Each structure stands twice: as structure tokens, then as C-alpha cells.
$ cat protein.txt   # compact mmCIF, C-alpha atoms
# COMPACT_ATOMS: atom_id res chain seq x y z
CA MET N 3 27.34 -54.48 -23.44
CA LEU N 4 25.00 -54.46 -20.46
CA MET N 5 24.89 -51.54 -18.06
CA SER N 6 23.67 -51.36 -14.53
CA LYS N 7 20.54 -49.47 -13.66
CA GLY N 8 22.54 -46.73 -11.94
CA SER N 9 24.74 -46.21 -15.01
CA ILE N 10 21.73 -45.95 -17.27
CA LYS N 11 20.08 -43.37 -15.00
CA THR N 12 23.33 -41.44 -14.72
CA LEU N 13 23.64 -41.18 -18.49
CA GLY N 14 20.06 -39.97 -18.69
CA TRP N 15 18.95 -42.87 -20.85
CA LEU N 16 16.07 -43.87 -18.61
CA ASN N 17 13.98 -40.79 -19.12
CA LYS N 18 10.37 -41.76 -19.67
CA CYS N 19 10.19 -45.33 -20.91
CA GLN N 20 12.01 -48.39 -19.65
CA HIS N 21 10.52 -50.79 -22.15
CA HIS N 22 12.46 -50.00 -25.39
CA PHE N 23 16.12 -49.69 -26.34
CA TYR N 24 17.80 -48.52 -29.47
CA CYS N 25 20.45 -50.61 -31.23
CA PRO N 26 22.47 -49.13 -34.08
CA TYR N 27 22.06 -52.44 -35.92
CA TRP N 28 18.47 -53.36 -35.29
CA GLY N 29 16.83 -50.03 -34.43
CA TRP N 30 14.19 -49.94 -31.67
CA VAL N 31 13.85 -53.30 -29.97
CA ASP N 32 12.04 -54.53 -26.86
CA GLY N 33 14.05 -54.66 -23.68
CA GLY N 34 13.26 -52.98 -20.42
CA MET N 35 13.91 -53.74 -16.84
CA SER N 36 13.71 -57.09 -15.17
CA ASP N 37 11.50 -57.71 -12.21
CA TRP N 38 14.34 -57.07 -9.76
CA GLY N 39 15.29 -53.73 -11.26
CA ARG N 40 18.22 -54.81 -13.52
CA PRO N 41 18.22 -54.17 -17.27
CA ARG N 42 17.48 -57.02 -19.66
CA ARG N 43 19.26 -57.54 -22.94
CA PRO N 44 17.35 -56.40 -26.00
CA GLU N 45 15.36 -59.12 -27.69
CA VAL N 46 17.04 -59.03 -31.12
CA PRO N 47 15.27 -60.96 -33.91
CA ARG N 48 16.61 -64.49 -34.10
CA GLY N 49 19.04 -65.22 -37.01
CA ARG N 50 20.23 -61.63 -37.31
CA ASP N 51 22.31 -61.36 -34.14
CA PRO N 52 25.78 -60.02 -35.00
CA ARG N 53 27.11 -61.84 -31.96
CA ALA N 54 26.81 -65.13 -33.84
CA GLY N 55 30.28 -64.57 -35.32
CA GLY N 56 31.95 -64.17 -31.92
CA GLY N 57 31.78 -60.39 -31.66
CA ARG N 58 29.45 -58.23 -29.61
CA ALA N 59 27.13 -55.69 -31.15
CA PRO N 60 27.77 -52.11 -30.06
CA CYS N 61 24.23 -51.74 -28.70
CA ARG N 62 23.39 -48.91 -26.38
CA TYR N 63 20.39 -48.72 -24.08
CA VAL N 64 18.47 -45.65 -25.12
CA THR N 65 14.94 -44.91 -23.98
CA SER N 66 12.05 -44.12 -26.23
CA GLY N 67 11.25 -40.90 -24.35
CA PRO N 68 11.29 -37.41 -25.84
CA ASN N 69 15.10 -37.38 -26.11
CA GLY N 70 15.40 -41.04 -27.08
CA PRO N 71 15.51 -40.80 -30.89
CA ALA N 72 18.05 -37.97 -30.90
CA ARG N 73 20.28 -39.73 -28.39
CA GLY N 74 19.89 -42.97 -30.35
CA GLU N 75 21.05 -41.26 -33.52
CA ARG N 76 24.19 -39.99 -31.82
CA GLU N 77 24.91 -43.43 -30.36
CA ARG N 78 24.37 -45.06 -33.71
CA GLU N 79 26.75 -42.69 -35.47
CA ALA N 80 29.38 -43.23 -32.77
CA ALA N 81 28.97 -47.01 -33.02
CA HIS N 82 29.30 -46.98 -36.81
CA ALA N 83 32.36 -44.77 -36.64
CA GLN N 84 33.95 -47.07 -34.06
CA TRP N 85 33.04 -50.13 -36.16
CA GLU N 86 34.39 -48.78 -39.44
CA GLY N 87 37.50 -47.38 -37.80
CA GLY N 88 38.67 -50.84 -36.80
CA GLY N 89 37.95 -50.54 -33.15
CA GLY N 90 35.22 -53.12 -33.34
CA GLY N 91 32.59 -53.38 -30.69
CA PRO N 92 32.95 -52.44 -27.13
CA GLY N 93 35.06 -55.53 -26.51
CA GLY N 94 37.73 -54.32 -28.92
CA SER N 95 37.14 -56.92 -31.67
CA ALA N 96 35.30 -56.30 -34.90
CA PRO N 97 32.37 -58.66 -35.15
CA PRO N 98 31.53 -60.01 -38.55
CA ALA N 99 28.54 -58.61 -40.31
CA PRO N 100 25.40 -60.73 -40.16
CA ALA N 101 24.60 -62.87 -43.12
CA GLY N 102 22.35 -61.21 -45.60
CA VAL N 103 22.85 -57.79 -44.23
CA GLY N 104 25.81 -56.67 -46.35
CA GLY N 105 29.31 -57.74 -47.35
CA ALA N 106 31.02 -61.10 -46.88
CA ARG N 107 30.83 -62.85 -43.57
CA GLY N 108 33.77 -61.95 -41.36
CA SER N 109 34.59 -58.67 -43.08
CA ALA N 110 35.65 -56.36 -40.22
CA ARG N 111 35.61 -53.19 -42.35
CA ALA N 112 32.13 -53.59 -43.80
CA ARG N 113 29.54 -51.04 -42.60
CA PRO N 114 26.41 -52.73 -41.35
CA ALA N 115 23.37 -52.18 -43.43
CA GLU N 116 20.05 -50.93 -42.14
CA PRO N 117 17.93 -53.49 -40.27
CA GLN N 118 15.56 -55.45 -42.42
CA GLY N 119 12.02 -54.24 -42.40
CA TRP N 120 12.84 -50.53 -42.33
CA PRO N 121 12.89 -48.35 -45.47
CA ALA N 122 16.28 -47.77 -47.01
CA GLY N 123 18.09 -44.69 -45.73
CA LEU N 124 15.88 -44.38 -42.63
CA ARG N 125 18.46 -44.46 -39.86
CA ASN N 126 16.38 -43.38 -36.94
CA PRO N 127 12.90 -44.84 -37.17
CA SER N 128 10.29 -43.80 -34.65
CA PRO N 129 10.06 -46.08 -31.66
CA PRO N 130 7.27 -48.60 -31.52
CA ARG N 131 4.26 -47.74 -29.43
CA CYS N 132 4.70 -49.16 -25.97
CA ARG N 133 1.53 -50.65 -24.58
CA SER N 134 2.93 -50.75 -21.09
CA CYS N 135 3.78 -47.03 -21.16
CA SER N 136 0.41 -46.14 -22.70
CA ALA N 137 -1.45 -48.12 -20.07
CA ALA N 138 0.60 -46.60 -17.27
CA GLY N 139 0.14 -43.06 -18.63
CA SER N 140 -3.60 -43.46 -18.98
CA ASN N 141 -3.96 -44.72 -15.40
CA MET N 142 -1.54 -42.22 -13.86
CA PRO N 143 -3.41 -40.14 -11.20
CA PHE N 144 -3.49 -36.35 -11.46
CA ASP N 145 -1.13 -34.82 -8.92
CA LEU N 146 -2.47 -31.52 -7.62
CA ARG N 147 0.75 -30.78 -5.76
CA ARG N 148 2.41 -29.58 -8.96
CA PHE N 149 0.42 -26.34 -8.63
CA ASP N 150 1.79 -25.63 -5.15
CA ILE N 151 3.58 -22.26 -5.25
CA TYR N 152 4.22 -22.33 -1.50
CA ARG N 153 6.91 -24.99 -1.48
CA LYS N 154 7.86 -26.10 1.99
CA VAL N 155 11.40 -25.74 3.28
CA PRO N 156 12.65 -28.53 5.56
CA LYS N 157 12.96 -27.47 9.17
CA ASP N 158 16.58 -28.58 9.26
CA LEU N 159 17.46 -25.91 6.67
CA THR N 160 16.20 -23.02 8.81
CA GLN N 161 18.09 -21.19 11.52
CA PRO N 162 16.27 -19.61 14.50
CA THR N 163 17.70 -16.47 16.13
CA TYR N 164 16.87 -14.43 19.21
CA THR N 165 16.38 -11.32 17.11
CA GLY N 166 13.92 -13.14 14.86
CA ALA N 167 12.02 -14.42 17.92
CA ILE N 168 11.68 -10.89 19.37
CA ILE N 169 10.56 -9.45 16.05
CA SER N 170 8.06 -12.31 15.60
CA VAL N 171 6.48 -11.74 19.03
CA CYS N 172 6.24 -7.96 18.44
CA CYS N 173 4.80 -8.61 14.98
CA CYS N 174 2.09 -10.91 16.37
CA LEU N 175 1.15 -8.42 19.09
CA PHE N 176 0.95 -5.60 16.57
CA ILE N 177 -1.23 -7.67 14.24
CA LEU N 178 -3.51 -8.60 17.15
CA PHE N 179 -3.92 -4.94 18.12
CA LEU N 180 -4.77 -3.86 14.58
CA PHE N 181 -7.11 -6.82 14.12
CA LEU N 182 -9.09 -5.95 17.25
CA SER N 183 -9.29 -2.32 16.17
CA GLU N 184 -10.64 -3.27 12.75
CA LEU N 185 -13.05 -5.78 14.29
CA THR N 186 -14.47 -3.09 16.57
CA GLY N 187 -14.96 -0.79 13.61
CA PHE N 188 -16.60 -3.59 11.62
CA ILE N 189 -19.10 -4.40 14.37
CA ALA N 190 -19.95 -0.77 15.14
CA THR N 191 -22.37 1.24 13.01
CA GLU N 192 -20.89 3.99 10.90
CA ILE N 193 -22.84 7.18 10.21
CA VAL N 194 -22.06 8.93 6.94
CA ASN N 195 -23.31 12.44 6.22
CA GLU N 196 -23.80 14.16 2.90
CA LEU N 197 -25.11 17.48 1.63
CA TYR N 198 -27.42 18.13 -1.28
CA VAL N 199 -29.91 20.77 -2.45
CA ASP N 200 -33.48 19.49 -2.28
CA ASP N 201 -36.65 19.47 -0.21
CA PRO N 202 -36.44 16.10 1.53
CA ASP N 203 -39.95 15.96 3.00
CA LYS N 204 -42.17 16.57 -0.01
CA ASP N 205 -45.12 14.82 1.64
CA SER N 206 -45.36 17.31 4.49
CA GLY N 207 -47.54 19.70 2.51
CA GLY N 208 -45.08 22.55 2.90
CA LYS N 209 -45.40 22.57 6.71
CA ILE N 210 -42.84 22.26 9.51
CA ASP N 211 -43.80 21.13 13.01
CA VAL N 212 -42.47 23.30 15.83
CA SER N 213 -42.18 22.44 19.52
CA LEU N 214 -41.70 25.33 21.98
CA ASN N 215 -41.22 25.23 25.77
CA ILE N 216 -40.42 28.54 27.48
CA SER N 217 -40.80 29.95 30.98
CA LEU N 218 -41.48 33.62 31.89
CA PRO N 219 -41.06 33.84 35.70
CA ASN N 220 -42.37 37.43 36.01
CA LEU N 221 -45.35 37.43 33.64
CA HIS N 222 -48.84 36.18 34.45
CA CYS N 223 -50.33 33.41 32.29
CA ASP N 224 -53.34 35.56 31.33
CA LEU N 225 -50.98 37.92 29.53
CA VAL N 226 -48.87 35.34 27.68
CA GLY N 227 -49.75 34.53 24.08
CA LEU N 228 -48.23 33.18 20.84
CA ASP N 229 -48.43 35.02 17.53
CA ILE N 230 -47.47 33.57 14.11
CA GLN N 231 -46.94 35.38 10.81
CA ASP N 232 -45.04 34.72 7.55
CA GLU N 233 -44.55 35.97 4.00
CA MET N 234 -47.46 33.89 2.69
CA GLY N 235 -49.85 36.29 4.49
CA ARG N 236 -50.43 34.26 7.59
CA HIS N 237 -50.98 36.37 10.69
CA GLU N 238 -52.35 34.60 13.72
CA VAL N 239 -52.58 36.30 17.13
CA GLY N 240 -53.04 34.31 20.30
CA HIS N 241 -52.52 30.81 18.98
CA ILE N 242 -54.05 28.37 21.42
CA ASP N 243 -54.18 25.02 19.56
CA ASN N 244 -52.04 22.29 21.16
CA SER N 245 -50.72 24.74 23.72
CA MET N 246 -50.65 24.78 27.48
CA LYS N 247 -49.93 27.41 30.15
CA ILE N 248 -48.62 26.37 33.54
CA PRO N 249 -48.53 28.99 36.37
CA LEU N 250 -45.22 29.55 38.15
CA ASN N 251 -44.22 31.40 41.34
CA ASN N 252 -47.70 31.34 42.89
CA GLY N 253 -49.27 32.63 39.71
CA ASP N 254 -46.80 35.45 39.13
CA GLY N 255 -45.01 33.55 36.36
CA CYS N 256 -46.00 31.29 33.50
CA ARG N 257 -44.61 28.37 31.56
CA PHE N 258 -45.80 28.07 27.97
CA GLU N 259 -45.67 24.75 26.09
CA GLY N 260 -47.01 24.52 22.57
CA GLN N 261 -46.81 22.58 19.32
CA PHE N 262 -47.75 24.23 16.04
CA SER N 263 -46.89 24.29 12.34
CA ILE N 264 -45.25 26.93 10.20
CA ASN N 265 -44.97 27.28 6.42
CA LYS N 266 -41.71 26.64 4.61
CA VAL N 267 -41.26 30.34 3.89
CA PRO N 268 -39.50 33.07 5.86
CA GLY N 269 -41.55 34.33 8.80
CA ASN N 270 -41.61 34.63 12.58
CA PHE N 271 -43.46 33.60 15.70
CA HIS N 272 -43.20 35.49 18.96
CA VAL N 273 -44.28 35.28 22.58
CA SER N 274 -45.88 38.55 23.68
CA THR N 275 -48.84 40.18 25.39
CA HIS N 276 -50.48 41.20 22.11
CA SER N 277 -53.36 38.80 22.59
CA ALA N 278 -54.18 40.01 26.11
CA THR N 279 -57.40 41.91 26.64
CA ALA N 280 -55.60 44.57 28.68
CA GLN N 281 -51.97 45.45 28.04
CA PRO N 282 -49.73 45.78 31.09
CA GLN N 283 -47.70 48.93 31.63
CA ASN N 284 -44.27 47.33 32.05
CA PRO N 285 -44.32 43.68 31.04
CA ASP N 286 -41.24 41.76 32.15
CA MET N 287 -40.06 39.51 29.27
CA THR N 288 -37.12 37.87 31.01
CA HIS N 289 -37.29 34.17 30.25
CA VAL N 290 -35.70 30.72 30.10
CA ILE N 291 -35.98 28.62 26.91
CA HIS N 292 -36.20 24.93 27.70
CA LYS N 293 -36.78 23.65 24.19
CA LEU N 294 -37.20 24.85 20.63
CA SER N 295 -37.08 22.16 17.93
CA PHE N 296 -38.36 21.63 14.41
CA GLY N 297 -39.58 18.43 12.80
CA ASP N 298 -39.31 14.90 14.24
CA LYS N 299 -37.35 14.23 17.36
CA LEU N 300 -34.08 12.38 16.75
CA GLN N 301 -32.43 10.50 19.58
CA VAL N 302 -29.17 9.35 18.03
CA GLN N 303 -26.04 9.31 20.12
CA ASN N 304 -23.58 9.55 17.25
CA ILE N 305 -25.10 12.74 15.81
CA HIS N 306 -24.15 15.98 17.53
CA GLY N 307 -26.29 18.40 15.59
CA ALA N 308 -27.97 21.66 16.56
CA PHE N 309 -31.49 20.25 16.83
CA ASN N 310 -32.18 22.24 20.01
CA ALA N 311 -29.68 25.06 19.76
CA LEU N 312 -31.66 27.39 22.07
CA GLY N 313 -32.25 24.78 24.75
CA GLY N 314 -31.07 26.16 28.09
CA ALA N 315 -30.91 29.84 27.06
CA ASP N 316 -31.36 31.89 30.25
CA LYS N 317 -32.26 35.59 30.10
CA ARG N 318 -33.57 36.08 33.65
CA SER N 319 -30.82 38.55 34.51
CA SER N 320 -31.38 40.75 31.47
CA ASN N 321 -33.19 44.07 31.21
CA PRO N 322 -36.85 43.40 32.08
CA LEU N 323 -38.07 46.04 29.60
CA ALA N 324 -36.02 44.78 26.67
CA SER N 325 -37.16 42.87 23.63
CA TYR N 326 -35.31 39.77 22.39
CA ASP N 327 -34.70 38.80 18.78
CA TYR N 328 -33.59 35.24 17.88
CA ILE N 329 -32.66 34.95 14.21
CA LEU N 330 -32.83 31.31 13.10
CA LYS N 331 -31.45 29.63 9.99
CA ILE N 332 -33.27 26.32 9.63
CA VAL N 333 -31.44 23.46 7.85
CA PRO N 334 -33.47 20.41 6.68
CA THR N 335 -32.04 17.14 8.00
CA VAL N 336 -32.75 13.53 7.01
CA TYR N 337 -31.77 10.52 9.07
CA GLU N 338 -31.82 7.08 7.43
CA ASP N 339 -31.29 3.99 9.57
CA LYS N 340 -29.89 0.58 8.57
CA ASN N 341 -33.34 -0.62 7.48
CA GLY N 342 -33.81 2.30 5.09
CA LYS N 343 -36.41 4.09 7.21
CA GLN N 344 -36.14 7.88 6.98
CA ARG N 345 -36.99 10.49 9.60
CA TYR N 346 -37.16 14.18 8.83
CA SER N 347 -35.96 16.81 11.24
CA TYR N 348 -34.41 20.27 11.17
CA GLN N 349 -31.31 21.78 12.65
CA TYR N 350 -30.85 25.48 13.03
CA THR N 351 -28.26 28.07 13.81
CA VAL N 352 -29.13 31.08 15.90
CA ALA N 353 -28.06 34.67 16.45
CA ASN N 354 -29.73 36.94 19.02
CA LYS N 355 -29.89 40.51 20.10
CA GLU N 356 -31.44 42.36 23.05
CA TYR N 357 -32.82 45.89 22.72
CA VAL N 358 -35.41 48.37 23.99
CA ALA N 359 -37.63 49.52 21.15
CA TYR N 360 -39.14 53.00 20.82
CA SER N 361 -41.41 54.64 18.30
CA HIS N 362 -42.75 58.16 17.75
CA THR N 363 -45.51 57.35 20.24
CA GLY N 364 -43.18 56.09 22.93
CA ARG N 365 -41.73 52.76 24.04
CA ILE N 366 -42.88 49.69 22.13
CA ILE N 367 -44.27 46.78 24.08
CA PRO N 368 -41.46 44.22 24.42
CA ALA N 369 -41.70 40.65 23.02
CA ILE N 370 -39.63 37.53 22.38
CA TRP N 371 -39.19 37.17 18.60
CA PHE N 372 -38.16 34.06 16.71
CA ARG N 373 -37.43 35.08 13.10
CA TYR N 374 -36.64 32.12 10.81
CA ASP N 375 -35.57 31.39 7.28
CA LEU N 376 -34.94 28.03 5.54
CA SER N 377 -31.66 26.92 4.02
CA PRO N 378 -31.73 25.24 0.58
CA ILE N 379 -29.01 22.80 1.70
CA THR N 380 -30.18 19.47 3.12
CA VAL N 381 -28.03 17.37 5.46
CA LYS N 382 -28.48 13.60 5.29
CA TYR N 383 -27.19 11.10 7.85
CA THR N 384 -27.05 7.43 6.84
CA GLU N 385 -26.32 4.44 9.06
CA ARG N 386 -23.94 1.98 7.42
CA ARG N 387 -21.96 -1.07 8.35
CA GLN N 388 -18.56 -1.76 6.89
CA PRO N 389 -18.83 -4.35 4.08
CA LEU N 390 -17.39 -7.77 4.77
CA TYR N 391 -15.10 -7.68 1.73
CA ARG N 392 -13.56 -4.42 2.94
CA PHE N 393 -12.96 -5.91 6.39
CA ILE N 394 -11.28 -8.99 4.87
CA THR N 395 -9.17 -6.81 2.57
CA THR N 396 -8.02 -4.67 5.49
CA ILE N 397 -7.13 -7.71 7.60
CA CYS N 398 -5.14 -9.24 4.73
CA ALA N 399 -3.33 -5.94 4.20
CA ILE N 400 -2.50 -5.71 7.91
CA ILE N 401 -1.19 -9.28 8.15
CA GLY N 402 0.70 -9.24 4.86
CA GLY N 403 2.19 -5.79 5.34
CA THR N 404 3.26 -6.46 8.92
CA PHE N 405 4.92 -9.77 8.07
CA THR N 406 6.65 -8.24 5.04
CA VAL N 407 8.06 -5.29 6.98
CA ALA N 408 9.05 -7.56 9.88
CA GLY N 409 10.78 -9.94 7.47
CA ILE N 410 12.74 -7.11 5.87
CA LEU N 411 13.75 -5.80 9.29
CA ASP N 412 14.82 -9.24 10.49
CA SER N 413 16.78 -9.86 7.29
CA CYS N 414 18.62 -6.55 7.63
CA ILE N 415 19.50 -7.22 11.27
CA PHE N 416 20.63 -10.78 10.53
CA THR N 417 22.78 -9.67 7.58
CA ALA N 418 24.37 -6.91 9.63
CA SER N 419 25.11 -9.28 12.52
CA GLU N 420 26.69 -11.85 10.21
CA ALA N 421 28.83 -9.16 8.59
CA TRP N 422 29.93 -7.94 12.04
CA LYS N 423 30.93 -11.47 13.05
CA LYS N 424 33.02 -11.81 9.89
CA ILE N 425 34.71 -8.47 10.60
CA GLN N 426 35.55 -9.58 14.12
CA LEU N 427 36.99 -12.85 12.79
CA GLY N 428 39.01 -10.97 10.18
CA LYS N 429 37.27 -12.62 7.23
CA MET N 430 36.03 -9.36 5.82
CA GLN N 431 38.29 -6.48 4.97
$ encode --input "protein.txt" --output "C-alpha cells"
Amino acid sequence: MLMSKGSIKTLGWLNKCQHHFYCPYWGWVDGGMSDWGRPRRPEVPRGRDPRAGGGRAPCRYVTSGPNGPARGEREREAAHAQWEGGGGGPGGSAPPAPAGVGGARGSARARPAEPQGWPAGLRNPSPPRCRSCSAAGSNMPFDLRRFDIYRKVPKDLTQPTYTGAIISVCCCLFILFLFLSELTGFIATEIVNELYVDDPDKDSGGKIDVSLNISLPNLHCDLVGLDIQDEMGRHEVGHIDNSMKIPLNNGDGCRFEGQFSINKVPGNFHVSTHSATAQPQNPDMTHVIHKLSFGDKLQVQNIHGAFNALGGADKRSSNPLASYDYILKIVPTVYEDKNGKQRYSYQYTVANKEYVAYSHTGRIIPAIWFRYDLSPITVKYTERRQPLYRFITTICAIIGGTFTVAGILDSCIFTASEAWKKIQLGKMQ
């Protein structure tokens, strides 16, 4: 019995190979498809065709694919049962057994023997190796599309909605806003600060550079001097190195500018008249501090530290006979730029008091005192740029998270609208 190509495909018999068929009488034989796509009859060995007696062999077209042998066994058993039960072949008549295979010629009840050439009792021999299939399998190109996990849905199977369009536009605008924000942060330089206990500038020789600029509008320059002393035994009166005095108010006032070094131990430096050859009776110590800084000068816009905490202090309206104490707590500071270059500076906090000092001999000559002590805590500022991998990770999180939330929101709105339509139509109770 011949079957059309569509019937064979429907029954699943053309699975992998179209070059071999299984016959319950002759086992695996060559067949296949003709050039125009229709199945050919199996080429049964000549002289052993059971159709010679007028009947038709109950052959079934079974492929030699993975399921071929098992399906062939079931077909063979069904064919044998139909043959022995008197039903004959598919045409309804029992064909006679082939000569030499078993039983007398024309015996309708005789069970066909196994095909010659196969071992006795082996009902389902393995199919012969198909050269055509082997050649086709070896030359078959590798299809990369099988690894595609993003399978495409045809456009005809999707349904656009106004709600989805609005959510999509809002989603894109939101993603654009977040992307520009992250891009600005990625381009800009980030300054990270940290605290640790250490002496950052070990190559300074235990010295700190100080820059002082102060004006005394009511004290003559000949009377102004700078004194330095600390706990290491240093006591210097009238320091004049790297200092300059500028007269003010037609010589009645003085502006003192100086740069000097102090030891990294508690101590003080003060502006007074102690170095003058003749002490005035009532020196006026009212003043304006323009600048007091320690270490290197840092001009960084993103750092708002107290590098010149006393800059702009104005005491011109204070008691002219009073003394002034500025108590400073100096904090070492390190600034490291993007290239790894370090600059050492110092911040400081300040507390002050104003008083008139007396002793058992009378009123003490007033002065402007700067008493300092060093903090063991070091502040470090480091310039950094955001790594590229972090920027990419953030962008992926923004895009993926926004689309996911927008998809959930759109799905909820669409489901609710569909349910409402069904309720209005009376399809949902």
C-alpha cells in the first residue's frame, strides 16, 4: 500500500530519514522519496516479493530515524496479527507466502518467516546506514538561531492601546532624564574624603608653614612685631624673616604680612609690641585679620574646608586696651588629584576670647595671641571618576527596571479595562 507524502508526515513516519522504509516481511529496505516529492515503493529483493501470488504485502513506510525501529516493530506485529487472523493484507486478501520462506505456497494461515539474511529470531534489525543521510548531516550548516532566547512575536499578534502608548512615552522620558543625570555624574569629578590617624607629610622635617596677613589701623609699624614660642623651647621675639610692614592711615596704622614656620608641637605666635625698643603707654590692638593659613594653598571649588577660618575677622570696634586670644586646633589635610599628586595643607577650628589682663604690677601690655595645637586625625580628599562598569550597570538597571515596572503597570491597566468591558457586556458575573 502506497501512501501520499502528506499521510506519511501526518503519521509521523517521516521523522529524520526519507531514504529507508521498514517492511514486516523484508525488514529495512531502500525506498525514499521520488524527485517530485512522492514516495517510491520499497525496492524488495527480486524473487522474494509476496505480491507474486496475487496478494499485496502489508508493508508500512517507517523511517529510520530515532523512533523508526520502535514504530517498525509495532507495525510488524500489527501486520502479522492481521495476516494470521485471516484478514490478509491491506487489500483484504491473504497473499500466499513466498517460496522458500515457510509453509506451502498459497497457505493463507502460514506466518511469514524472517527475511533471509537476518539471524533467526531477530525481528527488528537495525536500519542500514544511509549514505545520503550521512552526507547531508555532515554538510548541514550550524544554525546559530537555535540559541536565540529572545524569540520574535509577529506584529499581527500584538495589540496597541492608548494606555500603552501613554505609558511608553512617559517611560522613555523618565529613562532619558535618569540617563542624563547619570551621564552628568559620570563626566564630573567626584571627591571622596576619608579620615585616618597619621602624619601625612613626613618629609616636612616636622615643620608647618604659616602665612599671616593682619592690619592694625591704630598702631605704628615701628611698634609691631611677631613673637614665636612652643613646647620644644623655641622662643623668638621680633621675627623679621620673610615679613613685611606696610604703613596705613598716614603712618598711624600698620599692615603686617609674614610667612614663617612652626614646629609640629603645641605652641603660640603673637603680634605685640614686645620687640619695640620703647613700649607705648596704651597700645591699641584693634585689628582686622585678612588671612591666616597653614601649609600649601588649595584652590579647589568642591572642597569647603576651614583653611582660612579667621579670614575676615574684624575687631576694630572692640576695646582698644584688650588682649585677644585665638585658640586653634590644626587638622592635617591631604589632597590627591586624579593623577595621584598629593598636596599637604591644614585646616583649623578656632575659638576666641577678648579680655584685659592685669598682674600684681598693674595692667599687662595687650597682644594678639594665636595658640595652636595639632590634631592626630588626618583628613584626605581624593579626586575620582566613576568607573565605566558602574556607569553601564546603572544605565542597565535604569532601563530594565523602568521597562519592567512600566510593563507591569500597563498589564494591570489592560487587564482591568478588559474585565470592565466584560462586566458591562454581562459576560462576567
$ residues_around --input "protein.txt" --residues "Ile168 of chain N" --least-positions-apart "4" --cutoff "12 Å" --atoms "all atoms listed in the file" --output "NGL selection string"
:N and (162-164 or 172-175 or 408-409 or 411-412 or 415)
$ write_last_selection --input "protein.txt" --atoms "C-alpha atoms" --output "PDB file, in the frame of the given file"
ATOM      1  CA  PRO N 162      16.270 -19.610  14.500  1.00  0.00           C
ATOM      2  CA  THR N 163      17.700 -16.470  16.130  1.00  0.00           C
ATOM      3  CA  TYR N 164      16.870 -14.430  19.210  1.00  0.00           C
ATOM      4  CA  CYS N 172       6.240  -7.960  18.440  1.00  0.00           C
ATOM      5  CA  CYS N 173       4.800  -8.610  14.980  1.00  0.00           C
ATOM      6  CA  CYS N 174       2.090 -10.910  16.370  1.00  0.00           C
ATOM      7  CA  LEU N 175       1.150  -8.420  19.090  1.00  0.00           C
ATOM      8  CA  ALA N 408       9.050  -7.560   9.880  1.00  0.00           C
ATOM      9  CA  GLY N 409      10.780  -9.940   7.470  1.00  0.00           C
ATOM     10  CA  LEU N 411      13.750  -5.800   9.290  1.00  0.00           C
ATOM     11  CA  ASP N 412      14.820  -9.240  10.490  1.00  0.00           C
ATOM     12  CA  ILE N 415      19.500  -7.220  11.270  1.00  0.00           C
TER      13      ILE N 415
END
$ closest_residue --input "protein.txt" --among "N:Thr404, N:Asn220, N:Gln388, N:Ser213" --to "Ser319 of chain N" --atoms "all atoms listed in the file"
N:Asn220
$ residues_around --input "protein.txt" --residues "Asp327 of chain N" --least-positions-apart "6" --cutoff "10 Å" --atoms "all atoms listed in the file" --output "list in words"
His272, Val352, Ala353, Asn354, Lys355, Glu356, Tyr357, Ala369, Ile370, Trp371, Phe372 and Arg373 of chain N
$ residues_around --input "protein.txt" --residues "Gly297 of chain N" --least-positions-apart "6" --cutoff "7 Å" --atoms "all atoms listed in the file" --output "JSON, numbers by chain"
{"N": [210, 211, 212, 346, 347, 348]}
$ atom_distance --input "protein.txt" --atom1 "atom CA of Met287 of chain N" --atom2 "atom CA of Gln349 of chain N"
25.8 Å
$ atom_distance --input "protein.txt" --atom1 "atom CA of Arg387 of chain N" --atom2 "atom CA of Leu178 of chain N"
21.8 Å
$ atom_distance --input "protein.txt" --atom1 "atom CA of Glu196 of chain N" --atom2 "atom CA of Glu385 of chain N"
11.8 Å
$ residues_around --input "protein.txt" --residues "Thr384 of chain N" --least-positions-apart "2" --cutoff "6 Å" --atoms "all atoms listed in the file" --output "JSON, numbers by chain"
{"N": [193, 194, 338]}
$ write_last_selection --input "protein.txt" --atoms "C-alpha atoms" --output "mmCIF file, in the coordinates of the input"
data_model
loop_
_atom_site.group_PDB
_atom_site.id
_atom_site.type_symbol
_atom_site.label_atom_id
_atom_site.label_comp_id
_atom_site.auth_asym_id
_atom_site.auth_seq_id
_atom_site.Cartn_x
_atom_site.Cartn_y
_atom_site.Cartn_z
ATOM 1 C CA ILE N 193 -22.840 7.180 10.210
ATOM 2 C CA VAL N 194 -22.060 8.930 6.940
ATOM 3 C CA GLU N 338 -31.820 7.080 7.430
#
$ closest_residue --input "protein.txt" --among "N:Phe309, N:Tyr326, N:Phe149, N:Trp422" --to "Ser274 of chain N" --atoms "all atoms listed in the file"
N:Tyr326
$ closest_residue --input "protein.txt" --among "N:Lys204, N:Arg345, N:His241, N:His222" --to "Lys299 of chain N" --atoms "all atoms listed in the file"
N:Arg345
